[in-house]
Structures are given as C-alpha cells and as structure tokens.
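> So I've got this file, input-v8.txt, and it contains compact mmCIF, C-alpha atoms:
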# COMPACT_ATOMS: atom_id res chain seq x y z
CA MET A 1 0.00 0.00 0.00
CA GLU A 2 1.32 3.43 -0.90
CA THR A 3 1.70 6.01 1.85
CA ILE A 4 -0.74 8.44 0.22
CA LEU A 5 -3.40 5.73 0.04
CA PHE A 6 -2.67 4.77 3.64
CA PHE A 7 -3.23 8.34 4.85
CA LYS A 8 -6.45 8.58 2.80
CA LYS A 9 -7.77 5.45 4.50
CA CYS A 10 -6.88 6.91 7.91
CA LYS A 11 -8.75 10.13 7.07
CA LYS A 12 -11.76 8.13 5.87
CA LEU A 13 -11.80 6.16 9.13
CA GLN A 14 -11.52 9.37 11.15
CA ASP A 15 -14.42 11.06 9.32
CA GLY A 16 -16.51 7.93 9.58
CA LEU A 17 -15.85 7.66 13.30
CA GLU A 18 -16.96 11.24 13.90
CA GLN A 19 -20.23 10.48 12.12
CA LYS A 20 -20.74 7.28 14.11
CA LEU A 21 -20.13 9.07 17.42
CA GLU A 22 -22.58 11.78 16.43
CA LEU A 23 -25.24 9.20 15.61
CA ILE A 24 -24.62 7.37 18.90
CA GLU A 25 -25.05 10.65 20.79
CA PHE A 26 -28.42 11.11 19.09
CA GLU A 27 -29.53 7.56 19.89
CA CYS A 28 -28.44 7.65 23.55
CA PHE A 29 -29.10 11.30 24.45
CA ASP A 30 -30.87 10.36 27.71
CA ASN A 31 -28.47 7.62 28.87
CA LYS A 32 -24.87 8.69 29.44
CA VAL A 33 -23.55 5.25 30.41
CA GLU A 34 -24.96 3.62 27.29
CA TYR A 35 -23.65 6.51 25.19
CA TYR A 36 -20.10 6.19 26.50
CA GLU A 37 -20.10 2.39 26.17
CA LYS A 38 -21.30 2.47 22.56
CA CYS A 39 -18.74 5.16 21.71
CA LEU A 40 -15.96 3.01 23.13
CA MET A 41 -17.08 0.01 21.08
CA ALA A 42 -17.17 2.08 17.89
CA ILE A 43 -13.74 3.60 18.59
CA ASP A 44 -12.27 0.20 19.42
CA ILE A 45 -13.31 -1.17 16.02
CA ASP A 46 -11.54 1.66 14.20
CA ILE A 47 -8.41 1.43 16.35
CA ARG A 48 -8.17 -2.27 15.54
CA GLU A 49 -8.51 -1.41 11.85
CA ILE A 50 -5.77 1.21 12.08
CA LYS A 51 -3.54 -1.23 13.95
CA SER A 52 -3.97 -3.93 11.31
CA MET A 53 -3.08 -1.39 8.61
CA VAL A 54 0.06 0.00 10.23
CA SER A 55 1.58 -3.00 12.04
CA ASP A 56 3.33 -4.35 8.93
CA PHE A 57 3.37 -1.12 6.97
CA ASP A 58 6.66 0.46 5.93
CA PHE A 59 6.39 4.22 5.61
CA SER A 60 8.09 5.80 2.61
CA THR A 61 9.97 8.30 4.75
CA ALA A 62 10.71 8.98 8.40
CA ALA A 63 8.63 12.16 8.08
CA ASP A 64 5.57 10.11 7.11
CA GLU A 65 6.00 7.79 10.08
CA ILE A 66 6.43 10.74 12.43
CA TYR A 67 3.31 12.38 11.00
CA PHE A 68 1.24 9.24 11.62
CA PHE A 69 2.38 8.64 15.18
CA LYS A 70 2.43 12.32 16.17
CA ASN A 71 -0.75 13.54 14.47
CA LEU A 72 -3.02 10.73 13.27
CA LYS A 73 -2.88 7.80 15.67
CA PRO A 74 -3.35 10.01 18.78
CA LEU A 75 -6.66 11.27 17.36
CA PHE A 76 -8.13 7.77 17.64
CA ILE A 77 -6.49 6.78 20.92
CA SER A 78 -7.44 10.09 22.58
CA GLN A 79 -11.09 9.42 21.74
CA PHE A 80 -10.91 6.08 23.52
CA ILE A 81 -9.18 7.62 26.56
CA TYR A 82 -11.73 10.44 26.70
CA TYR A 83 -14.86 8.30 26.62
CA SER A 84 -13.32 5.67 28.88
CA LYS A 85 -12.64 8.35 31.50
CA LEU A 86 -16.14 9.82 31.13
CA LEU A 87 -17.61 6.35 31.69
CA SER A 88 -15.53 5.72 34.81
CA MET A 89 -16.35 9.18 36.21
CA GLU A 90 -20.06 8.73 35.54
CA ALA A 91 -20.03 5.37 37.33
CA ALA A 92 -18.04 6.65 40.33
CA LYS A 93 -19.43 10.15 40.86
CA PRO A 94 -21.03 10.69 44.28
CA ASN A 95 -24.75 11.16 44.71
CA ALA A 96 -24.45 13.28 47.84
CA GLY A 97 -25.22 16.84 46.81
CA GLN A 98 -23.58 19.60 44.79
CA LYS A 99 -20.72 20.18 47.23
CA SER A 100 -19.55 16.56 47.05
CA LEU A 101 -19.91 16.61 43.28
CA LYS A 102 -17.75 19.73 43.03
CA GLU A 103 -15.07 18.14 45.21
CA TYR A 104 -15.15 15.01 43.06
CA TYR A 105 -14.71 16.91 39.80
CA SER A 106 -12.00 19.08 41.38
CA GLY A 107 -10.12 15.93 42.37
CA GLU A 108 -10.29 14.64 38.80
CA LEU A 109 -9.03 17.99 37.56
CA GLU A 110 -6.09 17.79 39.94
CA MET A 111 -5.16 14.39 38.44
CA ILE A 112 -4.90 16.04 35.01
CA LYS A 113 -2.65 18.75 36.46
CA SER A 114 -0.52 16.04 38.04
CA PHE A 115 -0.09 14.38 34.63
CA TYR A 116 1.10 17.67 33.15
CA ARG A 117 3.60 18.13 35.97
CA GLU A 118 4.92 14.60 35.47
CA HIS A 119 5.44 15.16 31.74
CA ILE A 120 6.29 18.87 31.83
CA ASP A 121 9.32 18.60 29.50
CA PHE A 122 7.50 16.75 26.74
CA TYR A 123 4.32 18.79 27.31
CA GLN A 124 6.23 22.00 26.58
CA TYR A 125 7.95 20.37 23.60
CA TYR A 126 4.60 19.32 22.12
CA ARG A 127 2.77 22.58 22.82
CA LEU A 128 5.57 24.57 21.20
CA ASN A 129 5.29 22.40 18.05
CA ALA A 130 8.95 21.50 18.39
CA THR A 131 10.36 18.87 16.04
CA PHE A 132 14.05 18.38 16.90
CA LEU A 133 13.37 15.19 18.92
CA ASP A 134 10.62 13.77 16.71
CA GLN A 135 12.85 10.99 15.37
CA LYS A 136 13.31 9.69 18.92
CA TYR A 137 9.73 10.30 20.04
CA PHE A 138 7.69 9.19 17.02
CA ILE A 139 9.66 6.54 15.13
CA ARG A 140 9.13 2.92 16.12
CA ASN A 141 12.03 1.31 18.04
CA GLN A 142 13.97 4.58 18.10
CA PHE A 143 13.60 5.69 21.72
CA ASP A 144 16.65 6.70 23.70
CA ILE A 145 17.18 4.70 26.88
CA LYS A 146 18.38 7.91 28.57
CA MET A 147 14.95 9.48 28.16
CA LYS A 148 12.31 9.31 30.90
CA LEU A 149 10.28 6.25 29.91
CA LYS A 150 7.53 4.48 31.80
CA THR A 151 8.13 0.89 32.91
CA GLY A 152 5.05 -0.07 30.90
CA MET A 153 7.01 0.74 27.76
CA TYR A 154 7.96 -2.92 27.56
CA ASP A 155 4.30 -3.91 27.27
CA TYR A 156 3.77 -1.81 24.14
CA ASP A 157 3.26 -3.33 20.73
CA GLU A 158 6.47 -2.28 19.01
CA LYS A 159 4.75 -2.39 15.59
CA PHE A 160 1.97 -0.03 16.69
CA ALA A 161 3.59 2.29 19.24
CA THR A 162 6.38 4.74 19.72
CA SER A 163 7.68 6.03 23.03
CA HIS A 164 5.61 9.22 23.04
CA ASP A 165 2.52 8.89 20.86
CA PRO A 166 0.53 7.57 23.90
CA ILE A 167 1.44 10.76 25.76
CA VAL A 168 0.18 12.90 22.88
CA ALA A 169 -3.09 10.95 22.95
CA GLN A 170 -3.38 11.55 26.70
CA ILE A 171 -2.72 15.27 26.24
CA LEU A 172 -5.47 15.53 23.60
CA ALA A 173 -7.88 13.60 25.81
CA ASN A 174 -6.98 15.73 28.82
CA ASP A 175 -7.71 18.91 26.86
CA ARG A 176 -11.30 17.71 26.39
CA LEU A 177 -11.60 16.29 29.89
CA GLU A 178 -10.40 19.56 31.41
CA LYS A 179 -13.14 21.49 29.59
CA TYR A 180 -15.71 18.90 30.65
CA LEU A 181 -14.62 19.06 34.30
CA LEU A 182 -14.47 22.87 34.44
CA ASN A 183 -17.96 23.04 32.97
CA SER A 184 -19.19 20.41 35.45
CA ILE A 185 -17.68 22.35 38.36
CA LYS A 186 -19.34 25.52 37.12
CA GLU A 187 -22.70 23.75 36.90
CA SER A 188 -22.31 22.40 40.44
CA GLU A 189 -21.81 25.97 41.69
CA GLU A 190 -24.85 27.45 39.93
CA PRO A 191 -27.95 28.05 42.06
CA VAL A 192 -30.99 25.93 41.28
CA TYR A 193 -33.04 29.02 40.58
CA GLN A 194 -31.56 31.82 38.52
CA LYS A 195 -32.35 35.42 39.42
CA LEU A 196 -34.59 37.12 36.93
CA THR A 197 -32.15 40.02 36.77
CA ASP A 198 -29.45 37.65 35.52
CA GLN A 199 -31.49 36.53 32.53
CA SER A 200 -31.00 37.94 29.06
CA SER A 201 -33.74 40.12 27.58
CA LEU A 202 -33.04 38.60 24.16
CA THR A 203 -35.41 35.92 22.86
CA TRP A 204 -35.42 33.74 19.75
CA SER A 205 -38.56 34.51 17.74
CA ALA A 206 -38.06 32.18 14.76
CA SER A 207 -38.69 28.43 14.99
CA LYS A 208 -36.57 26.26 17.27
CA VAL A 209 -35.75 24.01 14.32
CA SER A 210 -34.28 27.01 12.51
CA LEU A 211 -32.12 27.91 15.50
CA ILE A 212 -30.78 24.36 15.78
CA GLU A 213 -30.00 24.31 12.03
CA LEU A 214 -28.08 27.61 12.36
CA VAL A 215 -26.20 26.59 15.51
CA TYR A 216 -25.31 23.18 14.07
CA ALA A 217 -23.86 24.83 10.96
CA LEU A 218 -21.81 27.28 13.04
CA TYR A 219 -20.66 24.48 15.33
CA HIS A 220 -19.28 22.46 12.42
CA MET A 221 -17.44 25.52 11.14
CA HIS A 222 -15.69 25.71 14.56
CA CYS A 223 -17.20 29.14 15.22
CA PHE A 224 -17.45 28.50 18.98
CA ASN A 225 -14.24 28.35 21.04
CA GLY A 226 -12.27 27.40 17.95
CA GLY A 227 -14.09 24.07 17.82
CA ASN A 228 -12.92 23.07 21.31
CA ILE A 229 -16.38 22.67 22.80
CA GLU A 230 -19.10 20.04 22.78
CA LEU A 231 -22.31 20.74 20.87
CA SER A 232 -24.36 20.13 24.01
CA GLU A 233 -22.47 22.94 25.79
CA VAL A 234 -23.14 25.35 22.90
CA ILE A 235 -26.83 24.46 22.96
CA LYS A 236 -27.04 24.85 26.73
CA SER A 237 -25.41 28.31 26.62
CA LEU A 238 -27.69 29.53 23.83
CA GLU A 239 -30.77 28.20 25.61
CA LYS A 240 -29.88 30.36 28.61
CA PHE A 241 -28.95 33.41 26.56
CA LEU A 242 -32.03 33.26 24.31
CA ASN A 243 -34.47 32.13 27.01
CA THR A 244 -35.59 29.06 25.10
CA ASP A 245 -35.68 25.30 25.45
CA LEU A 246 -34.44 23.41 22.39
CA GLY A 247 -35.50 20.05 23.81
CA ASN A 248 -34.07 16.92 22.17
CA PHE A 249 -31.84 18.73 19.69
CA HIS A 250 -30.22 15.46 18.58
CA LYS A 251 -33.57 14.25 17.27
CA THR A 252 -34.15 17.60 15.56
CA ILE A 253 -30.74 17.42 13.85
CA PHE A 254 -31.57 13.93 12.61
CA GLU A 255 -34.88 15.21 11.19
CA ILE A 256 -33.16 18.23 9.58
CA ARG A 257 -30.61 15.97 7.91
CA ASN A 258 -33.33 13.76 6.41
CA ARG A 259 -36.02 16.27 5.45
CA LYS A 260 -37.16 16.23 1.81
CA GLN A 261 -36.62 19.94 1.10
CA GLY A 262 -32.95 19.67 2.11
CA PRO A 263 -31.04 20.12 5.36
CA THR A 264 -30.18 23.81 4.88
CA LYS A 265 -33.63 25.36 4.41
CA PHE A 266 -33.14 28.13 6.99
CA LEU A 267 -29.56 28.84 5.92
CA HIS A 268 -30.73 29.37 2.34
CA LEU A 269 -33.49 31.65 3.61
CA ILE A 270 -30.94 33.71 5.54
CA THR A 271 -28.69 33.98 2.46
CA ASP A 272 -31.55 34.99 0.16
CA ASN A 273 -32.89 37.53 2.64
CA LEU A 274 -29.48 39.12 3.23
CA ASN A 275 -28.70 39.28 -0.49
CA GLN A 276 -32.07 40.94 -1.13
CA HIS A 277 -31.41 43.43 1.65
CA PHE A 278 -28.05 44.44 0.15
CA MET A 279 -29.58 44.71 -3.33
CA ASN A 280 -32.28 47.01 -1.94
CA MET A 281 -29.59 49.15 -0.29
CA GLU A 282 -27.79 49.54 -3.63
CA GLY A 283 -31.01 50.72 -5.26
CA GLU A 284 -31.60 53.44 -2.68
Represent the structure of the file as structure tokens.


Amino acid sequence: METILFFKKCKKLQDGLEQKLELIEFECFDNKVEYYEKCLMAIDIDIREIKSMVSDFDFSTAADEIYFFKNLKPLFISQFIYYSKLLSMEAAKPNAGQKSLKEYYSGELEMIKSFYREHIDFYQYYRLNATFLDQKYFIRNQFDIKMKLKTGMYDYDEKFATSHDPIVAQILANDRLEKYLLNSIKESEEPVYQKLTDQSSLTWSASKVSLIELVYALYHMHCFNGGNIELSEVIKSLEKFLNTDLGNFHKTIFEIRNRKQGPTKFLHLITDNLNQHFMNMEGE
C-alpha cells in the first residue's frame, strides 16, 4: 500500500468515526452510560482497523511515520481515553449533593494537572510544536534509553507504538476532559433558581428548528471556542442566553438531515434575505 493511500484510509476512518459518534449521541441522548459504552465500542473497532493497517506497513519516509504517530494515531487513541474516562467518572461520581460533586470533579481535575507536571518537559515540547526530537519520540524502536520512559514501555506493541505517541493521545484527551470538568464544576456551583435580573432580555422569535440548524452549521465551522467545545455545551449556553428550550436537539438534527426539502432550508433563507437586503440598499 502506498503512503498516500494509507493516509487517505486513515482520514476516511476518522471522518466515519466522527459520524458514528454523532449518531450514537443522538440515539443515547438520555443515557450517558450507554452513550459512553457504545462510543468506546465504535472507537475500538476503528483502532483495531488502524492497527492492522500500520503494524506491517513500511512508511516511505521517516517524516511520514512521524506524522502518523504524532498527528493521526493520537486522534483515535485520545477518543478512547476520553470516553473511557467519562464512563468511569459517571459510574463513580457521588450522589451526595452539589458540594460533594464539586469536590469530586475538582479531584479529577487535579489528576490532570498532576499528569502535566509529570510530563512537563515533553508537554512544553509538544505545545511549542517542536520537532528536533521527533525521530526519537515518534519513530518505532527509536527511543533513547536515557529518556524518561515508563516501565510499561515494555508492554507496548512495538509495531503499533512509539515512546511518546501515547502521551500525545493523553494530552489531547486531557484537553477535552479539562473542559468537561471545568464546565461540570461551574454547573455544580450554579444556584438551582436563577435570578430574573441575571437573565438575558433577548429571545429567539423564529422556529426552534431554525435555531438548531443555524447553531449546528456554526458548530461544524468551529465558530465556537475554535471548535474546542461540545455541541451540548453550545446548545445549553444559547438556551440560557435566548431564554428558550431546544429540547431533544439530537432528534431535531436527525430530522433536519433527512427532510425532503434539504437540510439547509433556513440557511438558504438567511442567504436569500441578506442578499435581497443588500440589493435594496444599492437601489436606494
């Protein structure tokens, strides 16, 4: 298999996985445990596929091998780490009031900080997009015994792992987990009843379906937090800001995607209306 074809297959698997996870979220919107479990099963299938592809694959160049282990493989592994951690947290979280819940999430957040402290040198190297040690970090069987390596290194599959691609995967997963935990801590601190004076005076006057179509389009263009936010968090924030309840938005998205008149009805209406407005301005 040629390297270009190999990377195309990886990209196809990645895109397909994102679609599968999105569909699972829609199907299990009211059951977090089932959602996380199904996500893990879907991710596991794709990781096994990636592993079978790369185990006996010889990359054309060292740069190609580095690219795979530094940028592609961690995308899949980080997904598994993320949903695995969400599942374990959901199963272990205390049911003893908001204060206990906040302490629990704070403890999980401290574990992430501890991981960063333990790997501070590599963390800085990775965040700075450095490359001068990539041949040691991201080429199979090329690690330097003088580097800080975990004892578990000897349990790794040498055909499917380098010394540092698991750490990249953990960093990517931790980025998402940190946002999840901070949001959970914030929610645990919010009063049950919001003061009327704290509410926005802005309301959404078009249909809720139209709002979900617009938000979903903006979400997939990474217009919120540079794409580093879950769709459910975007929806929740807009519901508060616009004083509306969008209900089961996953079901609505599914219906939008499958409606006969096309999935972008409202977006086309916005475009046509804005174009007409500008044309009218030119004629004035």

> List as a VMD selection string the protein and nucleic acid residues near range 104-117 of chain A, meaning an atom at most 6 Å away when all atoms listed in the file are counted, but skip any in the same chain fewer than 3 places from it.

chain A and resid 101 120 181

> Point out the residue among A:Gln276, A:Ser237, A:Asn71, A:Ser55 with the least atom-to-atom distance to Phe7 in chain A, counting all atoms listed in the file.

A:Asn71

> When you look at range 47-51 of chain A with a cut-off of 8 Å (counting all atoms listed in the file), what residues show up, excluding the ones that are within fewer than 2 positions of it in the same chain? I need them as a list in words.

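Contacts, with the query itself left out: Cys10, Ile43, Asp44, Ile45, Met53, Val54, Ser55, Phe76, Ile77 and Phe160 of chain A.
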
> Return the single residue from A:Glu25, A:Glu118, A:Asp134, A:Glu239 that is closest to Tyr83 in chain A, with distances computed using all atoms listed in the file.

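Under the stated criterion, the closest residue is A:Glu25.
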
> Given the choices A:Asn243, A:Thr131, A:Gln170, A:Ser188, which gets closest to Phe80 in chain A if the distance is worked out from only C-alpha atoms?

A:Gln170

> Using all atoms listed in the file, which of the listed residues (A:Phe57, A:Phe26, A:Tyr123, A:Tyr36) sits closest to Ser88 in chain A?

A:Tyr36

> Quote the spacing between CA of Ala42 in chain A and CA of Ala173 in chain A in Å to one decimal place.

16.8 Å

> Env of Glu2 in chain A: 9 Å cut, atoms = all atoms listed in the file, seq-sep filter 4 positions within chain, self excluded. Answer as a PyMOL selection string.

chain A and resi 6-7+59-60

> Return the single residue from A:Gln14, A:Glu34, A:Asn228, A:Phe249 that is closest to Glu178 in chain A, with distances computed using only C-alpha atoms.

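Ranked by minimum distance to Glu178 in chain A, first place goes to A:Asn228.
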
> As an exercise, work out the distance from CA of Gly97 in chain A to CA of Tyr82 in chain A in Å and give it to one decimal place.

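That distance, rounded to one decimal, is 25.0 Å.
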
> Identify which of the residues A:Phe69, A:Glu22, A:Ser84, A:Lys9 lies closest to Asp46 in chain A, counting only C-alpha atoms when measuring atom-to-atom distances.

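The closest residue to Asp46 in chain A is A:Lys9.
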
> Quick one: pull the distance between CA of Asp15 in chain A and CA of Leu75 in chain A, Å, one decimal.

11.2 Å

> Tell me, as a list of chain:residue names, which residues lie within 9 Å of Glu230 in chain A, counting only C-alpha atoms; anything in the same chain fewer than 4 positions away does not count.

A:Arg176, A:Tyr180, A:Tyr219, A:Val234, A:Ile235

> List as an MDAnalysis selection string the protein and nucleic acid residues near Pro74 in chain A, meaning an atom at most 8 Å away when all atoms listed in the file are counted, but skip any in the same chain fewer than 3 places from it.

chainID A and resid 69:71 77:78 165:166 168:169 172
